[in-house]
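Okay, final.pdb now, which holds PDB, C-alpha atoms, pLDDT in the B column:
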ATOM      1  CA  MET A1073     371.232  -6.397 -43.076  1.00 78.00           C
ATOM      2  CA  ASN A1074     370.567  -5.882 -39.343  1.00 88.00           C
ATOM      3  CA  ARG A1075     367.919  -3.408 -38.277  1.00 89.00           C
ATOM      4  CA  ILE A1076     366.808  -2.081 -34.936  1.00 80.00           C
ATOM      5  CA  VAL A1077     363.385  -0.492 -34.779  1.00 76.00           C
ATOM      6  CA  LEU A1078     362.755   1.859 -31.866  1.00 74.00           C
ATOM      7  CA  ILE A1079     359.160   2.793 -31.182  1.00 71.00           C
ATOM      8  CA  GLY A1080     358.851   5.733 -28.827  1.00 74.00           C
ATOM      9  CA  ASN A1081     355.117   6.140 -28.618  1.00 78.00           C
ATOM     10  CA  ASP A1082     354.542   4.190 -25.348  1.00 86.00           C
ATOM     11  CA  PHE A1083     353.115   1.267 -27.315  1.00 83.00           C
ATOM     12  CA  ASP A1084     354.738  -1.156 -24.856  1.00 84.00           C
ATOM     13  CA  LEU A1085     353.416   0.651 -21.767  1.00 88.00           C
ATOM     14  CA  ALA A1086     349.943   0.907 -23.254  1.00 88.00           C
ATOM     15  CA  HIS A1087     349.920  -2.876 -23.492  1.00 88.00           C
ATOM     16  CA  GLY A1088     350.901  -3.377 -19.847  1.00 91.00           C
ATOM     17  CA  LEU A1089     354.560  -4.307 -20.369  1.00 88.00           C
ATOM     18  CA  LYS A1090     356.867  -3.390 -17.503  1.00 88.00           C
ATOM     19  CA  THR A1091     359.341  -1.453 -19.608  1.00 85.00           C
ATOM     20  CA  SER A1092     359.402   1.970 -17.948  1.00 88.00           C
ATOM     21  CA  TYR A1093     362.537   3.430 -16.388  1.00 88.00           C
ATOM     22  CA  GLU A1094     360.957   2.911 -12.963  1.00 92.00           C
ATOM     23  CA  ASP A1095     360.359  -0.773 -13.717  1.00 91.00           C
ATOM     24  CA  PHE A1096     363.981  -1.161 -14.800  1.00 89.00           C
ATOM     25  CA  ILE A1097     365.324   0.538 -11.658  1.00 91.00           C
ATOM     26  CA  ASN A1098     363.079  -1.619  -9.440  1.00 92.00           C
ATOM     27  CA  TRP A1099     364.180  -4.785 -11.273  1.00 90.00           C
ATOM     28  CA  TYR A1100     367.845  -3.839 -10.971  1.00 90.00           C
ATOM     29  CA  CYS A1101     367.577  -2.965  -7.265  1.00 89.00           C
ATOM     30  CA  ASP A1102     365.758  -6.230  -6.539  1.00 88.00           C
ATOM     31  CA  LEU A1103     368.462  -8.118  -8.431  1.00 85.00           C
ATOM     32  CA  ARG A1104     371.254  -6.411  -6.457  1.00 85.00           C
ATOM     33  CA  VAL A1105     369.515  -6.965  -3.099  1.00 82.00           C
ATOM     34  CA  TYR A1106     368.931 -10.640  -3.980  1.00 79.00           C
ATOM     35  CA  GLY A1107     372.614 -10.964  -4.885  1.00 76.00           C
ATOM     36  CA  MET A1108     373.725  -9.404  -1.604  1.00 75.00           C
ATOM     37  CA  VAL A1109     371.404 -11.663   0.398  1.00 73.00           C
ATOM     38  CA  MET A1110     372.715 -14.710  -1.426  1.00 73.00           C
ATOM     39  CA  ASN A1111     376.319 -13.628  -0.775  1.00 72.00           C
ATOM     40  CA  LEU A1112     375.580 -13.118   2.919  1.00 69.00           C
ATOM     41  CA  THR A1113     373.854 -16.481   3.087  1.00 68.00           C
ATOM     42  CA  SER A1114     376.823 -18.148   1.450  1.00 68.00           C
ATOM     43  CA  ALA A1115     379.267 -16.365   3.776  1.00 63.00           C
ATOM     44  CA  GLU A1116     377.239 -17.331   6.848  1.00 66.00           C
ATOM     45  CA  HIS A1117     377.074 -20.943   5.655  1.00 61.00           C
ATOM     46  CA  LEU A1118     380.856 -21.063   5.181  1.00 61.00           C
ATOM     47  CA  THR A1119     381.449 -19.491   8.599  1.00 66.00           C
ATOM     48  CA  GLN A1120     379.179 -22.031  10.282  1.00 62.00           C
ATOM     49  CA  LEU A1121     380.838 -24.859   8.371  1.00 55.00           C
ATOM     50  CA  HIS A1122     384.298 -23.613   9.390  1.00 58.00           C
ATOM     51  CA  GLN A1123     383.247 -23.326  13.055  1.00 61.00           C
ATOM     52  CA  HIS A1124     381.836 -26.837  12.985  1.00 54.00           C
ATOM     53  CA  VAL A1125     385.037 -28.274  11.495  1.00 55.00           C
ATOM     54  CA  VAL A1126     387.340 -26.373  13.865  1.00 51.00           C
ATOM     55  CA  VAL A1127     385.422 -27.473  16.992  1.00 43.00           C
TER      56      VAL A1127
END

For this file, write the structure as structure tokens.
Amino acid sequence: MNRIVLIGNDFDLAHGLKTSYEDFINWYCDLRVYGMVMNLTSAEHLTQLHQHVVV
């Protein structure tokens, strides 16, 4: 039998875990920004590589 136990008494927050909605939103935004930066870096690298090969 599978069981999920949900404790809603802020036990996690009281012990310093970063599990609040604000922490989740900050984590998600940081992840998205990091992904966009990495995509831009990759695109810039490919553009520079293409320019080097064409010249």

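Across the structure, atom CA of A:Phe1083 and atom CA of A:Arg1104 are spaced 28.7 Å apart.
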
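Here atom CA of A:Val1109 and atom CA of A:Glu1094 stand 22.4 Å from one another.
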
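One distance worth recording is that between atom CA of A:Tyr1106 and atom CA of A:Tyr1093, which is 19.8 Å.
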
Where's the centre, and what are the edge lengths in Å to one decimal, of a box along x, y and z enclosing all listed atoms of stretch 1089-1103 of chain A padded 6 Å per side, as JSON?
{"center_x": 361.5, "center_y": -2.3, "center_z": -13.5, "size_x": 25.9, "size_y": 23.5, "size_z": 25.8}

Complete the atom set of stretch 1087-1098 of chain A to all heavy atoms and return it as a JSON list (two decimals), in the frame of the given file.
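Writing the result to selection13.json gives the following:
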[["chain", "number", "residue", "atom", "x", "y", "z"],
["A", 1087, "HIS", "N", 350.31, -1.47, -23.50],
["A", 1087, "HIS", "CA", 349.92, -2.88, -23.49],
["A", 1087, "HIS", "C", 350.32, -3.59, -22.20],
["A", 1087, "HIS", "O", 350.35, -4.81, -22.13],
["A", 1087, "HIS", "CB", 350.50, -3.58, -24.71],
["A", 1087, "HIS", "CG", 349.78, -3.20, -25.96],
["A", 1087, "HIS", "ND1", 350.12, -2.07, -26.69],
["A", 1087, "HIS", "CD2", 348.72, -3.76, -26.58],
["A", 1087, "HIS", "CE1", 349.30, -1.97, -27.72],
["A", 1087, "HIS", "NE2", 348.43, -2.98, -27.68],
["A", 1088, "GLY", "N", 350.66, -2.82, -21.17],
["A", 1088, "GLY", "CA", 350.90, -3.38, -19.85],
["A", 1088, "GLY", "C", 352.27, -4.00, -19.64],
["A", 1088, "GLY", "O", 352.48, -4.70, -18.65],
["A", 1089, "LEU", "N", 353.22, -3.77, -20.55],
["A", 1089, "LEU", "CA", 354.56, -4.31, -20.37],
["A", 1089, "LEU", "C", 355.32, -3.46, -19.36],
["A", 1089, "LEU", "O", 355.20, -2.24, -19.33],
["A", 1089, "LEU", "CB", 355.31, -4.34, -21.70],
["A", 1089, "LEU", "CG", 354.68, -5.20, -22.78],
["A", 1089, "LEU", "CD1", 355.45, -5.04, -24.08],
["A", 1089, "LEU", "CD2", 354.64, -6.66, -22.36],
["A", 1090, "LYS", "N", 356.10, -4.10, -18.53],
["A", 1090, "LYS", "CA", 356.87, -3.39, -17.50],
["A", 1090, "LYS", "C", 358.21, -2.97, -18.09],
["A", 1090, "LYS", "O", 359.24, -3.57, -17.82],
["A", 1090, "LYS", "CB", 357.05, -4.28, -16.29],
["A", 1090, "LYS", "CG", 355.75, -4.56, -15.56],
["A", 1090, "LYS", "CD", 356.00, -5.29, -14.26],
["A", 1090, "LYS", "CE", 354.69, -5.45, -13.54],
["A", 1090, "LYS", "NZ", 354.62, -4.64, -12.35],
["A", 1091, "THR", "N", 358.15, -1.92, -18.91],
["A", 1091, "THR", "CA", 359.34, -1.45, -19.61],
["A", 1091, "THR", "C", 359.67, 0.01, -19.33],
["A", 1091, "THR", "O", 360.46, 0.61, -20.05],
["A", 1091, "THR", "CB", 359.17, -1.66, -21.13],
["A", 1091, "THR", "OG1", 357.96, -1.03, -21.54],
["A", 1091, "THR", "CG2", 359.11, -3.13, -21.48],
["A", 1092, "SER", "N", 359.10, 0.58, -18.28],
["A", 1092, "SER", "CA", 359.40, 1.97, -17.95],
["A", 1092, "SER", "C", 360.75, 2.05, -17.22],
["A", 1092, "SER", "O", 361.30, 1.04, -16.78],
["A", 1092, "SER", "CB", 358.31, 2.56, -17.05],
["A", 1092, "SER", "OG", 358.35, 1.95, -15.77],
["A", 1093, "TYR", "N", 361.29, 3.24, -17.13],
["A", 1093, "TYR", "CA", 362.54, 3.43, -16.39],
["A", 1093, "TYR", "C", 362.37, 3.00, -14.94],
["A", 1093, "TYR", "O", 363.26, 2.38, -14.35],
["A", 1093, "TYR", "CB", 363.00, 4.89, -16.45],
["A", 1093, "TYR", "CG", 363.50, 5.31, -17.81],
["A", 1093, "TYR", "CD1", 362.84, 6.27, -18.54],
["A", 1093, "TYR", "CD2", 364.63, 4.72, -18.36],
["A", 1093, "TYR", "CE1", 363.29, 6.65, -19.79],
["A", 1093, "TYR", "CE2", 365.09, 5.08, -19.60],
["A", 1093, "TYR", "CZ", 364.42, 6.05, -20.31],
["A", 1093, "TYR", "OH", 364.87, 6.42, -21.55],
["A", 1094, "GLU", "N", 361.23, 3.30, -14.35],
["A", 1094, "GLU", "CA", 360.96, 2.91, -12.96],
["A", 1094, "GLU", "C", 360.96, 1.39, -12.82],
["A", 1094, "GLU", "O", 361.53, 0.86, -11.86],
["A", 1094, "GLU", "CB", 359.62, 3.48, -12.51],
["A", 1094, "GLU", "CG", 359.29, 3.13, -11.06],
["A", 1094, "GLU", "CD", 357.94, 3.67, -10.62],
["A", 1094, "GLU", "OE1", 357.23, 4.27, -11.43],
["A", 1094, "GLU", "OE2", 357.61, 3.48, -9.45],
["A", 1095, "ASP", "N", 360.35, 0.69, -13.77],
["A", 1095, "ASP", "CA", 360.36, -0.77, -13.72],
["A", 1095, "ASP", "C", 361.78, -1.32, -13.81],
["A", 1095, "ASP", "O", 362.14, -2.28, -13.12],
["A", 1095, "ASP", "CB", 359.51, -1.36, -14.85],
["A", 1095, "ASP", "CG", 358.04, -1.06, -14.68],
["A", 1095, "ASP", "OD1", 357.55, -1.07, -13.52],
["A", 1095, "ASP", "OD2", 357.36, -0.83, -15.70],
["A", 1096, "PHE", "N", 362.60, -0.72, -14.66],
["A", 1096, "PHE", "CA", 363.98, -1.16, -14.80],
["A", 1096, "PHE", "C", 364.76, -0.95, -13.50],
["A", 1096, "PHE", "O", 365.46, -1.85, -13.05],
["A", 1096, "PHE", "CB", 364.68, -0.43, -15.95],
["A", 1096, "PHE", "CG", 366.15, -0.72, -15.99],
["A", 1096, "PHE", "CD1", 366.61, -1.94, -16.46],
["A", 1096, "PHE", "CD2", 367.06, 0.21, -15.54],
["A", 1096, "PHE", "CE1", 367.97, -2.23, -16.47],
["A", 1096, "PHE", "CE2", 368.42, -0.06, -15.55],
["A", 1096, "PHE", "CZ", 368.88, -1.28, -16.02],
["A", 1097, "ILE", "N", 364.61, 0.23, -12.91],
["A", 1097, "ILE", "CA", 365.32, 0.54, -11.66],
["A", 1097, "ILE", "C", 364.88, -0.43, -10.56],
["A", 1097, "ILE", "O", 365.71, -0.95, -9.81],
["A", 1097, "ILE", "CB", 365.09, 2.00, -11.23],
["A", 1097, "ILE", "CG1", 365.71, 2.94, -12.25],
["A", 1097, "ILE", "CG2", 365.62, 2.27, -9.84],
["A", 1097, "ILE", "CD1", 367.22, 2.81, -12.39],
["A", 1098, "ASN", "N", 363.58, -0.68, -10.45],
["A", 1098, "ASN", "CA", 363.08, -1.62, -9.44],
["A", 1098, "ASN", "C", 363.63, -3.02, -9.67],
["A", 1098, "ASN", "O", 364.05, -3.70, -8.73],
["A", 1098, "ASN", "CB", 361.55, -1.65, -9.43],
["A", 1098, "ASN", "CG", 360.96, -0.38, -8.86],
["A", 1098, "ASN", "OD1", 361.60, 0.33, -8.10],
["A", 1098, "ASN", "ND2", 359.75, -0.09, -9.26]]
